[in-house]
file data29.csv (CSV, C-alpha atoms and all ligand atoms)
chain,number,residue,atom,x,y,z
A,80,MET,CA,43.1,23.3,11.9
A,81,SER,CA,42.6,25.3,8.8
A,82,ALA,CA,39.6,27.3,7.9
A,83,GLU,CA,38.9,24.9,5.1
A,84,HIS,CA,38.9,22.0,7.6
A,85,GLU,CA,36.5,24.0,9.9
A,86,ARG,CA,34.2,24.5,6.9
A,87,LEU,CA,34.3,21.0,5.5
A,88,SER,CA,34.7,18.7,8.5
A,89,SER,CA,31.0,18.2,8.8
A,90,TRP,CA,30.6,16.9,5.3
A,91,ASP,CA,31.8,13.4,6.1
A,92,GLY,CA,28.4,11.8,6.6
A,93,ALA,CA,27.0,13.3,3.4
A,94,TYR,CA,30.1,12.3,1.5
A,95,VAL,CA,30.0,8.6,2.4
A,96,LEU,CA,26.3,8.5,1.7
A,97,GLY,CA,26.9,10.0,-1.7
A,98,ALA,CA,24.8,13.0,-0.9
A,99,LEU,CA,27.1,15.7,-1.9
A,100,SER,CA,26.7,17.5,-5.2
A,101,ALA,CA,29.4,16.8,-7.8
A,102,ALA,CA,31.1,20.1,-7.1
A,103,ASP,CA,31.0,19.7,-3.3
A,104,ARG,CA,32.2,16.1,-3.7
A,105,ALA,CA,35.2,17.3,-5.8
A,106,GLU,CA,36.0,20.0,-3.2
A,107,TYR,CA,35.7,17.6,-0.3
A,108,GLU,CA,37.9,15.0,-2.0
A,109,ALA,CA,40.5,17.7,-2.7
A,110,HIS,CA,40.4,18.5,1.0
A,111,LEU,CA,40.6,14.8,1.9
A,112,ALA,CA,43.9,14.6,0.0
A,113,VAL,CA,45.5,17.0,2.4
A,114,CYS,CA,43.6,16.4,5.6
A,115,ALA,CA,44.3,13.3,7.7
A,116,PRO,CA,41.6,14.0,10.3
A,117,CYS,CA,38.9,14.1,7.6
A,118,ARG,CA,40.3,11.0,6.0
A,119,LYS,CA,40.0,9.3,9.3
A,120,ALA,CA,36.4,10.5,9.7
A,121,VAL,CA,35.5,9.1,6.3
A,122,ALA,CA,37.2,5.8,7.0
A,123,GLU,CA,35.2,5.5,10.2
A,124,LEU,CA,31.9,6.1,8.4
A,125,ALA,CA,32.5,4.3,5.1
A,126,PRO,CA,31.9,0.7,6.2
A,127,THR,CA,28.3,1.4,7.4
A,128,ALA,CA,27.5,3.6,4.4
A,129,GLY,CA,29.0,1.1,2.1
A,130,LEU,CA,26.6,-1.5,3.4
A,131,LEU,CA,23.7,0.8,2.6
A,132,SER,CA,24.8,1.4,-1.0
A,133,ARG,CA,25.4,-2.4,-1.4
A,134,LEU,CA,22.0,-3.3,-0.1
A,135,SER,CA,21.9,-6.0,-2.7
A,136,ALA,CA,19.3,-7.1,-5.1
A,137,GLU,CA,20.4,-10.6,-4.2
A,138,ARG,CA,19.5,-10.0,-0.6
A,139,ALA,CA,16.2,-8.3,-1.6
A,140,ARG,CA,15.4,-11.3,-3.8
A,141,ALA,CA,16.2,-13.6,-0.9
A,142,ILE,CA,13.8,-11.7,1.3
A,143,ALA,CA,11.1,-11.6,-1.3
A,144,ALA,CA,11.4,-15.2,-2.5
A,145,PRO,CA,8.1,-16.8,-1.7
A,146,ASP,CA,9.4,-20.4,-2.1
A,147,GLY,CA,12.9,-20.4,-0.7
A,148,PRO,CA,14.0,-21.0,2.8
A,149,ALA,CA,13.3,-18.2,5.2
A,150,PRO,CA,15.9,-15.6,4.7
A,151,VAL,CA,18.3,-14.7,7.4
A,152,VAL,CA,17.9,-11.0,7.9
A,153,THR,CA,20.6,-9.7,10.1
A,154,PRO,CA,18.9,-7.4,12.6
A,155,HIS,CA,20.8,-4.3,12.8
A,156,PRO,CA,19.8,-0.7,13.2
A,157,SER,CA,19.4,1.6,10.4
A,158,LEU,CA,22.6,2.0,8.6
A,159,ARG,CA,21.8,5.6,7.9
A,160,THR,CA,21.1,6.1,11.6
A,161,ARG,CA,24.4,4.6,12.4
A,162,VAL,CA,26.2,6.8,10.0
A,163,VAL,CA,24.4,9.9,11.2
A,164,GLN,CA,24.9,9.0,14.9
A,165,THR,CA,28.6,8.2,14.4
A,166,ALA,CA,29.0,11.5,12.7
A,167,ARG,CA,27.0,13.2,15.3
A,168,ARG,CA,29.0,11.8,18.2
A,169,ARG,CA,32.2,13.1,16.7
A,170,ARG,CA,30.6,16.3,15.6
A,171,ALA,CA,29.3,16.9,19.1
A,172,ARG,CA,32.8,17.4,20.2
A,173,ARG,CA,33.2,20.1,17.7
A,174,ILE,CA,29.8,21.6,17.1
A,175,THR,CA,27.5,21.1,20.0
A,176,ALA,CA,24.5,22.6,18.2
A,177,TRP,CA,24.6,20.0,15.5
A,178,THR,CA,21.5,17.9,16.0
A,179,LEU,CA,20.4,14.6,14.7
A,180,ALA,CA,17.5,16.3,13.0
A,181,ALA,CA,19.9,18.6,11.2
A,182,SER,CA,22.1,15.7,10.1
A,183,LEU,CA,19.1,13.7,8.9
A,184,ALA,CA,17.9,16.8,7.0
A,185,VAL,CA,21.3,17.0,5.3
A,186,VAL,CA,21.2,13.4,4.3
A,187,ALA,CA,17.6,13.6,3.1
A,188,ILE,CA,17.9,16.6,1.0
A,189,ALA,CA,20.6,15.5,-1.3
A,190,VAL,CA,20.0,12.0,-2.6
A,191,PRO,CA,22.2,11.2,-5.6
A,192,THR,CA,20.9,10.0,-8.9
A,193,VAL,CA,17.5,11.4,-8.1
A,194,ILE,CA,15.6,13.3,-10.6
A,195,THR,CA,12.8,14.7,-8.6
A,196,VAL,CA,9.9,15.7,-10.7
A,197,THR,CA,7.7,18.2,-9.0
A,198,ASN,CA,5.3,18.7,-11.9
A,199,ALA,CA,2.3,16.7,-10.7
A,200,SER,CA,0.6,16.3,-14.1
A,201,SER,CA,1.0,12.8,-15.3
A,202,SER,CA,1.0,11.3,-18.7
A,203,SER,CA,-1.8,9.0,-19.7
A,204,SER,CA,0.8,6.6,-21.1
A,205,GLY,CA,1.9,5.4,-17.7
A,206,VAL,CA,1.1,2.0,-16.3
A,207,THR,CA,0.3,1.5,-12.7
A,208,TYR,CA,1.5,-1.5,-10.7
A,209,ALA,CA,0.7,-2.5,-7.2
A,210,LEU,CA,3.6,-3.3,-4.9
A,211,ASP,CA,3.5,-6.6,-3.1
A,212,GLU,CA,3.9,-6.7,0.7
A,213,VAL,CA,7.1,-8.5,1.6
A,214,ASN,CA,7.3,-8.7,5.4
A,215,GLY,CA,3.9,-7.7,6.7
A,216,ALA,CA,4.6,-4.1,6.2
A,217,PRO,CA,1.8,-1.8,7.2
A,218,LEU,CA,1.8,-0.2,3.8
A,219,GLU,CA,-0.2,-0.2,0.6
A,220,ALA,CA,1.5,1.2,-2.4
A,221,SER,CA,1.5,1.4,-6.1
A,222,VAL,CA,3.8,2.9,-8.7
A,223,LYS,CA,3.0,4.3,-12.0
A,224,LEU,CA,5.7,4.0,-14.6
A,225,THR,CA,5.7,6.6,-17.4
A,226,PRO,CA,8.3,6.5,-20.2
A,227,VAL,CA,9.8,9.9,-20.7
A,228,ALA,CA,12.6,11.3,-22.8
A,229,TRP,CA,15.2,11.0,-20.0
A,230,GLY,CA,14.1,7.6,-18.7
A,231,THR,CA,11.2,6.6,-16.6
A,232,ARG,CA,9.1,8.7,-14.3
A,233,ILE,CA,7.9,6.9,-11.2
A,234,ASP,CA,4.8,8.1,-9.4
A,235,LEU,CA,4.4,6.5,-6.1
A,236,VAL,CA,1.4,6.4,-3.9
A,237,CYS,CA,2.0,4.9,-0.5
A,238,GLN,CA,-0.4,4.6,2.4
A,239,TYR,CA,0.5,3.7,5.9
A,240,THR,CA,-2.1,1.4,7.4
A,241,GLY,CA,-0.4,0.5,10.7
A,242,GLU,CA,-1.5,1.2,14.2
A,243,VAL,CA,-0.9,4.5,15.9
A,244,LEU,CA,1.0,2.9,18.7
A,245,ASP,CA,3.5,1.4,16.3
A,246,ALA,CA,4.8,4.6,14.9
A,247,PRO,CA,7.3,7.1,16.2
A,248,PRO,CA,6.5,10.8,16.0
A,249,GLY,CA,6.9,11.8,12.4
A,250,GLY,CA,6.5,8.2,11.2
A,251,TRP,CA,8.9,5.7,9.9
A,252,PRO,CA,11.5,6.5,7.3
A,253,TYR,CA,11.1,4.7,4.0
A,254,ALA,CA,13.1,4.7,0.8
A,255,LEU,CA,12.0,4.1,-2.8
A,256,ALA,CA,14.6,2.1,-4.7
A,257,VAL,CA,14.9,0.9,-8.2
A,258,THR,CA,17.0,-2.1,-9.3
A,259,ASP,CA,18.0,-2.4,-12.9
A,260,ASP,CA,18.2,-5.7,-14.8
A,261,SER,CA,21.8,-6.1,-13.9
A,262,GLY,CA,21.1,-5.9,-10.2
A,263,ALA,CA,22.4,-2.4,-9.5
A,264,THR,CA,20.2,-0.5,-7.1
A,265,SER,CA,19.6,3.2,-6.7
A,266,VAL,CA,17.6,4.9,-4.0
A,267,LEU,CA,15.4,7.5,-5.7
A,268,SER,CA,13.7,9.1,-2.8
A,269,THR,CA,13.1,8.9,0.9
A,270,TRP,CA,10.2,10.0,3.1
A,271,ARG,CA,8.5,9.4,6.4
A,272,ALA,CA,5.1,7.7,6.8
A,273,GLY,CA,3.0,7.3,9.9
A,274,PRO,CA,-0.6,6.5,10.7
A,275,GLY,CA,-3.1,8.0,8.4
A,276,ALA,CA,-0.4,9.3,6.0
A,277,THR,CA,-0.7,8.9,2.3
A,278,THR,CA,2.5,9.8,0.5
A,279,GLU,CA,2.5,10.8,-3.1
A,280,LEU,CA,5.8,11.5,-4.7
A,281,SER,CA,7.3,11.6,-8.1
A,282,ALA,CA,10.8,10.5,-8.8
A,283,GLY,CA,12.6,9.4,-11.9
A,284,THR,CA,15.3,7.1,-13.1
A,285,ASP,CA,17.4,7.3,-16.3
A,286,LEU,CA,16.5,3.6,-16.8
A,287,GLU,CA,14.0,2.7,-19.5
A,288,ALA,CA,11.0,1.0,-18.1
A,289,SER,CA,12.1,-2.3,-19.8
A,290,SER,CA,15.4,-2.2,-17.9
A,291,ILE,CA,13.8,-1.9,-14.5
A,292,GLY,CA,14.2,-5.2,-12.7
A,293,SER,CA,12.3,-4.3,-9.6
A,294,ILE,CA,11.0,-1.4,-7.6
A,295,GLU,CA,11.1,-1.6,-3.8
A,296,ILE,CA,10.1,0.3,-0.7
A,297,ARG,CA,12.7,-0.2,2.0
A,298,SER,CA,12.5,0.5,5.7
A,299,VAL,CA,15.4,2.8,6.4
A,300,ASP,CA,15.3,1.9,10.1
A,301,GLY,CA,15.2,-1.8,9.5
A,302,ASP,CA,17.3,-1.8,6.4
A,303,ARG,CA,15.0,-4.3,4.7
A,304,VAL,CA,12.6,-4.5,1.8
A,305,VAL,CA,9.0,-4.0,2.8
A,306,MET,CA,7.2,-3.7,-0.5
A,307,ARG,CA,8.3,-4.9,-3.9
A,308,ARG,CA,7.3,-5.3,-7.5
A,309,ASP,CA,9.4,-7.6,-9.6
A,310,PHE,CA,9.5,-6.8,-13.3
A,311,SER,CA,12.1,-9.3,-14.3
A,312,THR,CA,9.7,-12.2,-14.3
A,313,PRO,CA,6.8,-12.2,-16.7
A,401,ZN,ZN,39.7,18.3,7.2

call {"tool": "encode", "arguments": {"input": "data29.csv", "output": "structure tokens", "more": "lines below"}}
Ligand SMILES: [Zn+2]
result
Amino acid sequence: MSAEHERLSSWDGAYVLGALSAADRAEYEAHLAVCAPCRKAVAELAPTAGLLSRLSAERARAIAAPDGPAPVVTPHPSLRTRVVQTARRRRARRITAWTLAASLAVVAIAVPTVITVTNASSSSSGVTYALDEVNGAPLEASVKLTPVAWGTRIDLVCQYTGEVLDAPPGGWPYALAVTDDSGATSVLSTWRAGPGATTELSAGTDLEASSIGSIEIRSVDGDRVVMRRDFSTP
């Protein structure tokens, strides 16, 4: 195995989740072109990661629809967890020190299409909307949408109201996702929430507020929408 392969072989999980920077992605793809083992690694991971990225607005609407028949939600474990665990199983054969925590950290750090805004000051022109509970989620949440030069800033406040017994150490992983009016969904940020936790985070999208179809909080473990605000209907 080449030194390049040794260096890049652990990037498969981040690659299929779209979590590599543009430069890293280009480098990794150049390596893929010449490395069969890495192509095989990506091929193994891609189906589960693809499901995550295709987590469809259609499915979200089905879940959220108050009038329609009860949606069939295929119970399967977190896609991300599956990706990470698949990667970890393989990696364990190569790098025994690689831990799930480390892989999760890698995935969590680099979420594509995110513009994380750390400046906490907020414009007075923002409008705050409560998110509606979808499936009995133990959350209360609201988003404030503020038009800015590059799109829309989204300030989320999310409180976990569930029982202590329900939550794993560190809390449940959640994702903030925005769907545009054509149905394309982007995950803007992820975090963990457990009992007593109130999460405040700021993220951004290049969408104008008028082009935002919905904003959702998704359970990463359950791969389902748990809180939602639909902007496409008046
Ligand atoms: Zn390789």

call {"tool": "residues_near_ligand", "arguments": {"input": "data29.csv", "ligand": "ligand ZN 401 (chain A)", "cutoff": "12 Å", "atoms": "all atoms listed in the file", "output": "list in words"}}
result
Met80, Ser81, Ala82, Glu83, His84, Glu85, Arg86, Leu87, Ser88, Ser89, Trp90, Asp91, Glu106, Tyr107, Glu108, Ala109, His110, Leu111, Ala112, Val113, Cys114, Ala115, Pro116, Cys117, Arg118, Lys119, Ala120 and Val121 of chain A

call {"tool": "atom_distance", "arguments": {"input": "data29.csv", "atom1": "atom CA of Gly301 of chain A", "atom2": "atom CA of Thr258 of chain A"}}
result
18.9 Å

call {"tool": "atom_distance", "arguments": {"input": "data29.csv", "atom1": "atom CA of Glu219 of chain A", "atom2": "atom CA of Thr277 of chain A"}}
result
9.3 Å

call {"tool": "atom_distance", "arguments": {"input": "data29.csv", "atom1": "atom CA of Pro274 of chain A", "atom2": "atom CA of Leu224 of chain A"}}
result
26.2 Å

call {"tool": "residues_around", "arguments": {"input": "data29.csv", "residues": "Ala256 of chain A", "least_positions_apart": "5", "cutoff": "10 Å", "atoms": "only C-alpha atoms", "output": "PyMOL selection string"}}
result
chain A and resi 264-269+284+293-297+304+307

call {"tool": "closest_residue", "arguments": {"input": "data29.csv", "among": "A:Cys237, A:Ser261, A:Pro217, A:Ala272", "to": "Gly249 of chain A", "atoms": "all atoms listed in the file"}}
result
A:Ala272
